[in-house]
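One file, protein-v4.cif, is given below (mmCIF, C-alpha atoms).
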data_run
loop_
_atom_site.label_atom_id
_atom_site.label_comp_id
_atom_site.auth_asym_id
_atom_site.auth_seq_id
_atom_site.Cartn_x
_atom_site.Cartn_y
_atom_site.Cartn_z
CA MET A 22 -40.56 -5.17 15.83
CA ILE A 23 -36.87 -5.19 14.89
CA THR A 24 -37.32 -8.05 12.39
CA VAL A 25 -39.30 -5.76 10.07
CA SER A 26 -36.40 -3.33 9.67
CA SER A 27 -33.65 -5.97 9.56
CA ARG A 28 -35.27 -8.01 6.76
CA ARG A 29 -35.78 -5.02 4.49
CA PRO A 30 -32.83 -4.62 2.04
CA ARG A 31 -30.93 -1.46 2.91
CA PRO A 32 -29.70 0.99 0.25
CA LEU A 33 -25.97 0.64 -0.44
CA SER A 34 -23.55 3.35 -1.48
CA PRO A 35 -21.31 2.65 -4.51
CA ASN A 36 -17.93 1.03 -3.88
CA ILE A 37 -15.05 3.38 -3.11
CA GLN A 38 -13.27 2.41 -6.39
CA ILE A 39 -15.96 4.29 -8.35
CA TYR A 40 -14.62 7.64 -7.22
CA ARG A 41 -11.48 9.40 -8.47
CA PRO A 42 -9.05 9.82 -5.53
CA GLN A 43 -8.83 13.43 -4.36
CA LEU A 44 -6.68 15.13 -1.73
CA THR A 45 -9.65 15.30 0.63
CA SER A 46 -10.56 11.62 0.37
CA VAL A 47 -6.93 10.43 0.39
CA LEU A 48 -6.13 12.44 3.55
CA SER A 49 -9.32 11.20 5.20
CA ILE A 50 -8.41 7.54 4.73
CA ALA A 51 -4.73 8.32 5.46
CA ASN A 52 -5.73 9.71 8.86
CA ARG A 53 -7.52 6.44 9.61
CA ILE A 54 -4.69 4.21 8.29
CA THR A 55 -2.01 6.15 10.21
CA GLY A 56 -4.22 5.89 13.32
CA LEU A 57 -4.30 2.12 12.90
CA ALA A 58 -0.52 2.02 12.36
CA LEU A 59 0.11 4.21 15.41
CA SER A 60 -2.06 1.86 17.51
CA VAL A 61 0.37 -0.92 16.56
CA TYR A 62 3.36 1.34 17.29
CA ALA A 63 1.79 2.08 20.71
CA VAL A 64 2.34 -1.61 21.49
CA GLY A 65 6.00 -0.93 20.71
CA LEU A 66 6.06 1.86 23.31
CA VAL A 67 4.77 -0.56 25.96
CA ILE A 68 7.36 -3.17 24.86
CA LEU A 69 10.08 -0.50 25.25
CA LEU A 70 8.91 0.38 28.79
CA VAL A 71 8.52 -3.25 29.84
CA ALA A 72 11.96 -4.11 28.40
CA ALA A 73 13.52 -1.16 30.23
CA ALA A 74 11.79 -2.17 33.47
CA ALA A 75 12.90 -5.81 33.04
CA GLY A 76 16.60 -4.91 33.02
CA PRO A 77 19.67 -4.14 30.88
CA GLY A 78 19.60 -7.48 29.00
CA SER A 79 16.12 -7.18 27.50
CA TYR A 80 16.67 -3.46 26.86
CA ALA A 81 19.88 -4.24 24.94
CA THR A 82 18.06 -6.83 22.80
CA LEU A 83 15.33 -4.35 21.93
CA HIS A 84 17.85 -1.54 21.33
CA SER A 85 19.85 -3.67 18.89
CA PHE A 86 16.62 -4.46 16.99
CA ILE A 87 15.73 -0.76 16.78
CA ARG A 88 19.28 -0.09 15.53
CA SER A 89 18.96 -2.75 12.78
CA TRP A 90 17.79 -1.64 9.33
CA VAL A 91 14.37 -3.23 9.88
CA GLY A 92 14.00 -1.31 13.14
CA GLN A 93 15.14 1.94 11.53
CA VAL A 94 12.64 1.55 8.63
CA LEU A 95 9.85 0.84 11.16
CA LEU A 96 10.92 3.84 13.23
CA PHE A 97 10.97 6.08 10.13
CA GLY A 98 7.47 4.84 9.25
CA CYS A 99 6.38 5.57 12.80
CA THR A 100 7.74 9.12 12.56
CA PHE A 101 5.86 9.87 9.32
CA CYS A 102 2.62 8.20 10.51
CA PHE A 103 2.83 10.18 13.73
CA PHE A 104 3.31 13.57 12.05
CA LEU A 105 0.63 12.90 9.39
CA HIS A 106 -1.89 11.85 12.06
CA PHE A 107 -0.77 14.73 14.32
CA CYS A 108 -1.15 17.40 11.62
CA GLY A 109 -4.35 15.81 10.29
CA GLY A 110 -5.70 15.73 13.84
CA ILE A 111 -5.01 19.43 14.35
CA ARG A 112 -6.82 20.08 11.02
CA HIS A 113 -9.79 18.09 12.37
CA LEU A 114 -9.75 20.04 15.66
CA ALA A 115 -9.84 23.30 13.65
CA TRP A 116 -12.87 21.98 11.73
CA ASP A 117 -14.49 20.94 15.02
CA ALA A 118 -14.00 24.51 16.26
CA GLY A 119 -15.78 25.72 13.10
CA TYR A 120 -12.80 26.99 11.06
CA GLY A 121 -11.55 26.21 7.56
CA PHE A 122 -14.64 24.87 5.81
CA SER A 123 -14.33 26.78 2.52
CA LEU A 124 -13.15 24.64 -0.42
CA ARG A 125 -10.04 26.81 -0.74
CA ALA A 126 -9.21 26.48 2.97
CA ILE A 127 -9.77 22.70 2.86
CA TYR A 128 -7.24 22.30 0.01
CA THR A 129 -4.76 24.77 1.56
CA SER A 130 -4.86 23.00 4.93
CA GLY A 131 -4.73 19.61 3.20
CA TRP A 132 -1.54 20.39 1.30
CA ALA A 133 -0.15 22.04 4.45
CA VAL A 134 -0.70 18.77 6.34
CA VAL A 135 1.20 16.85 3.62
CA ALA A 136 4.08 19.35 3.44
CA VAL A 137 4.44 19.96 7.19
CA SER A 138 4.31 16.27 8.13
CA MET A 139 6.99 15.46 5.52
CA ALA A 140 9.14 18.39 6.70
CA LEU A 141 8.78 17.46 10.38
CA THR A 142 9.71 13.84 9.60
CA VAL A 143 12.92 14.98 7.85
CA VAL A 144 13.74 17.55 10.57
CA THR A 145 13.23 14.95 13.32
CA TRP A 146 15.53 12.44 11.65
CA VAL A 147 18.22 15.01 10.83
CA ALA A 148 18.09 16.22 14.45
CA GLY A 149 18.24 12.64 15.75
CA ILE A 150 21.20 11.73 13.55
CA VAL A 151 23.09 14.95 14.40
CA LEU A 152 22.45 14.60 18.16
CA ALA A 153 23.44 10.94 18.15
CA GLY A 154 26.61 11.79 16.22
CA TYR A 155 25.52 8.81 14.15
CA SER A 156 27.57 6.49 16.35
CA ARG A 157 26.34 3.16 15.08
CA MET B 223 -40.19 9.88 28.77
CA SER B 224 -40.41 13.14 26.90
CA GLY B 225 -37.67 11.95 24.50
CA THR B 226 -40.04 9.58 22.72
CA HIS B 227 -42.21 12.47 21.58
CA THR B 228 -39.36 14.01 19.56
CA ARG B 229 -38.93 10.90 17.40
CA SER B 230 -40.39 10.67 13.91
CA PRO B 231 -43.52 8.51 13.55
CA LEU B 232 -41.61 6.14 11.23
CA GLY B 233 -38.76 5.84 13.78
CA ARG B 234 -41.27 4.99 16.51
CA ALA B 235 -43.07 2.46 14.33
CA LEU B 236 -39.80 0.69 13.45
CA GLY B 237 -38.66 0.80 17.08
CA LEU B 238 -35.32 2.32 16.13
CA GLY B 239 -34.77 4.01 19.49
CA SER B 240 -32.37 6.84 20.20
CA ALA B 241 -28.85 7.43 18.87
CA LYS B 242 -27.77 5.77 22.14
CA SER B 243 -24.34 7.13 23.11
CA GLY B 244 -24.90 10.64 21.78
CA VAL B 245 -21.89 12.93 21.69
CA GLU B 246 -19.75 11.25 24.40
CA HIS B 247 -17.56 9.14 22.09
CA TRP B 248 -16.93 12.04 19.72
CA TRP B 249 -16.12 14.40 22.61
CA LEU B 250 -13.70 12.06 24.43
CA GLU B 251 -11.84 11.41 21.16
CA ARG B 252 -11.27 15.21 20.93
CA VAL B 253 -10.35 15.61 24.62
CA SER B 254 -7.75 12.83 24.38
CA ALA B 255 -6.47 14.34 21.10
CA VAL B 256 -5.95 17.72 22.78
CA ALA B 257 -4.08 16.01 25.64
CA LEU B 258 -1.92 14.08 23.17
CA VAL B 259 -0.72 17.22 21.34
CA PRO B 260 1.75 18.35 24.07
CA LEU B 261 2.37 14.83 25.42
CA THR B 262 3.43 13.30 22.09
CA VAL B 263 5.57 16.35 21.22
CA TRP B 264 7.32 15.99 24.61
CA PHE B 265 7.86 12.27 24.04
CA ALA B 266 9.08 12.64 20.43
CA ALA B 267 11.50 15.45 21.37
CA LEU B 268 12.99 13.48 24.25
CA ILE B 269 13.30 10.27 22.19
CA VAL B 270 15.27 12.27 19.60
CA VAL B 271 17.52 13.75 22.32
CA HIS B 272 17.99 10.40 24.11
CA ALA B 273 18.24 8.23 20.97
CA SER B 274 21.87 7.26 21.58
CA ASP B 275 21.50 6.76 25.35
CA ASP B 276 22.80 3.58 26.97
CA TYR B 277 20.61 1.72 29.48
CA ALA B 278 21.68 3.71 32.55
CA ALA B 279 21.12 7.08 30.86
CA PHE B 280 17.74 6.00 29.47
CA ILE B 281 16.59 4.79 32.92
CA ALA B 282 17.94 7.96 34.56
CA TRP B 283 15.77 10.03 32.19
CA LEU B 284 12.66 7.86 32.74
CA LYS B 285 13.17 8.01 36.55
CA THR B 286 12.79 11.78 36.79
CA PRO B 287 9.45 12.75 38.39
CA VAL B 288 8.44 14.87 35.37
CA SER B 289 9.03 11.94 33.00
CA THR B 290 7.12 9.51 35.22
CA VAL B 291 4.10 11.81 35.47
CA LEU B 292 4.05 12.77 31.78
CA MET B 293 4.62 9.15 30.66
CA THR B 294 1.65 8.04 32.79
CA PHE B 295 -0.55 10.74 31.24
CA LEU B 296 0.75 9.81 27.76
CA LEU B 297 -0.12 6.12 28.23
CA ILE B 298 -3.63 6.92 29.51
CA ALA B 299 -4.42 9.46 26.76
CA LEU B 300 -2.79 7.35 24.01
CA PHE B 301 -4.64 4.11 24.74
CA HIS B 302 -7.92 5.90 25.43
CA HIS B 303 -7.60 7.68 22.07
CA ALA B 304 -6.55 4.44 20.33
CA ALA B 305 -9.47 2.47 21.84
CA LEU B 306 -11.99 5.09 20.69
CA GLY B 307 -10.48 5.34 17.20
CA LEU B 308 -10.19 1.58 16.69
CA GLN B 309 -13.80 1.18 17.88
CA VAL B 310 -15.05 3.40 15.04
CA VAL B 311 -12.98 1.56 12.44
CA ILE B 312 -14.26 -1.82 13.68
CA GLU B 313 -17.87 -0.61 13.70
CA ASP B 314 -17.46 0.62 10.10
CA TYR B 315 -15.81 -2.44 8.54
CA LEU B 316 -16.64 -5.51 10.63
CA HIS B 317 -20.08 -7.03 11.15
CA SER B 318 -21.99 -9.58 13.25
CA TRP B 319 -19.90 -11.72 15.66
CA MET B 320 -16.57 -10.50 14.25
CA LYS B 321 -17.52 -6.94 15.20
CA ILE B 322 -18.42 -7.93 18.75
CA ALA B 323 -15.25 -10.03 19.16
CA ALA B 324 -13.02 -7.28 17.76
CA LEU B 325 -14.65 -4.60 19.93
CA ILE B 326 -14.11 -6.66 23.09
CA ALA B 327 -10.55 -7.63 22.12
CA THR B 328 -9.63 -4.03 21.25
CA ARG B 329 -11.02 -2.56 24.45
CA LEU B 330 -9.45 -5.22 26.69
CA GLY B 331 -6.17 -5.03 24.76
CA CYS B 332 -5.95 -1.26 25.14
CA VAL B 333 -6.67 -1.46 28.88
CA ALA B 334 -4.09 -4.26 29.31
CA LEU B 335 -1.42 -2.37 27.35
CA ALA B 336 -2.03 0.86 29.26
CA VAL B 337 -1.81 -0.98 32.60
CA ALA B 338 1.36 -2.84 31.52
CA GLY B 339 2.96 0.41 30.37
CA ILE B 340 2.04 2.29 33.54
CA LEU B 341 3.29 -0.53 35.80
CA ALA B 342 6.60 -0.73 33.90
CA ASN B 343 6.86 3.07 34.10
CA LEU B 344 6.26 3.02 37.88
CA LYS B 345 8.70 0.13 38.36
CA ILE B 346 11.39 2.20 36.64
CA ALA B 347 10.41 5.26 38.71
CA PHE B 348 10.62 3.47 42.06
CA GLY B 349 13.71 1.42 41.27
CA VAL B 350 14.33 -1.47 38.91
#
Do you think you could lay out the structure here as structure tokens?
Amino acid sequence: MITVSSRRPRPLSPNIQIYRPQLTSVLSIANRITGLALSVYAVGLVILLVAAAAGPGSYATLHSFIRSWVGQVLLFGCTFCFFLHFCGGIRHLAWDAGYGFSLRAIYTSGWAVVAVSMALTVVTWVAGIVLAGYSR
Amino acid sequence: MSGTHTRSPLGRALGLGSAKSGVEHWWLERVSAVALVPLTVWFAALIVVHASDDYAAFIAWLKTPVSTVLMTFLLIALFHHAALGLQVVIEDYLHSWMKIAALIATRLGCVALAVAGILANLKIAFGV
């Protein structure tokens, strides 16, 4: 009974390249891409905990990598991915609760997600650098 | 089986069955997201504050009961949320045996990482 449906060719939607990128579509795929990136960064969190549990030697190795320019670029990427996914997620929760579905509200909240996640990334790094006294 | 009577005649003829999991996946993604809002803000704020810590100071922070409890919650919510999100991405873009393999690998990987993180967290809490 399943063979009937599986042999019939299914209708396909046009490829994504057909459409002009818009704020709504770009933020939608950005939420998914940042989610994927944050899943990889979550492995980093476990590595940090395991290294700290293993002892000072492994922690020092990891800490020196995070302090290197590669580590700092990765950490900056993590910060921006986190805030974009965080703000985008709150936007999704508002939609789930039934708010913000007008076209105007969708664009306002969309640009707010972009602006707030950029601002929070900068604020976080400025705060981190100030609190650390930038003692490299 | 009153559920079969609500299906369309075409759906019954093709044997398509129900939507299977219903709303559970969608709902748990939202529940874990709500949990992650305060937990990730707590974690991000403390990482910023403790960025320049040496080993002893970092361990001293992780050893506090509040940190141990919140870190455990964070690991559970984070990897549950990640597993659910990755599952949707895999189901959208991968097909046939690659989909099955990726779904199994993702689910097992998320469980393994959460367990490893929680065990490391508890080891720090109860003395390295």
Based on only C-alpha atoms, which of the residues in chain A come within 9 Å of chain B? I want them as a ChimeraX atom specification. /A:22-23,25-26,53,56-57,59-60,63-64,66-77,80-81,100,103,107,110-111,114,117,145-146,148-150,152-157
Could you write out as lines of an AutoDock Vina configuration file the box around range 319-324 of chain B (axis-aligned, all atoms listed in the file, 8 Å on each side), with centre and edge lengths in Å to one decimal?
center_x = -16.5
center_y = -9.3
center_z = 16.7
size_x = 22.9
size_y = 20.8
size_z = 20.9
Take the PyMOL selection byres ((chain A and resi 132-143) around 7), apply it to the structure above, and return the hits as a PyMOL selection string. chain A and resi 100-101+104-105+108-109+128-131+144-147
Just to confirm, what's the straight-line distance from CA of Phe122 in chain A to CA of Glu251 in chain B in Å (one decimal)? 20.6 Å
So how far away is CA of Thr290 in chain B from CA of Leu261 in chain B, in Å? 12.1 Å
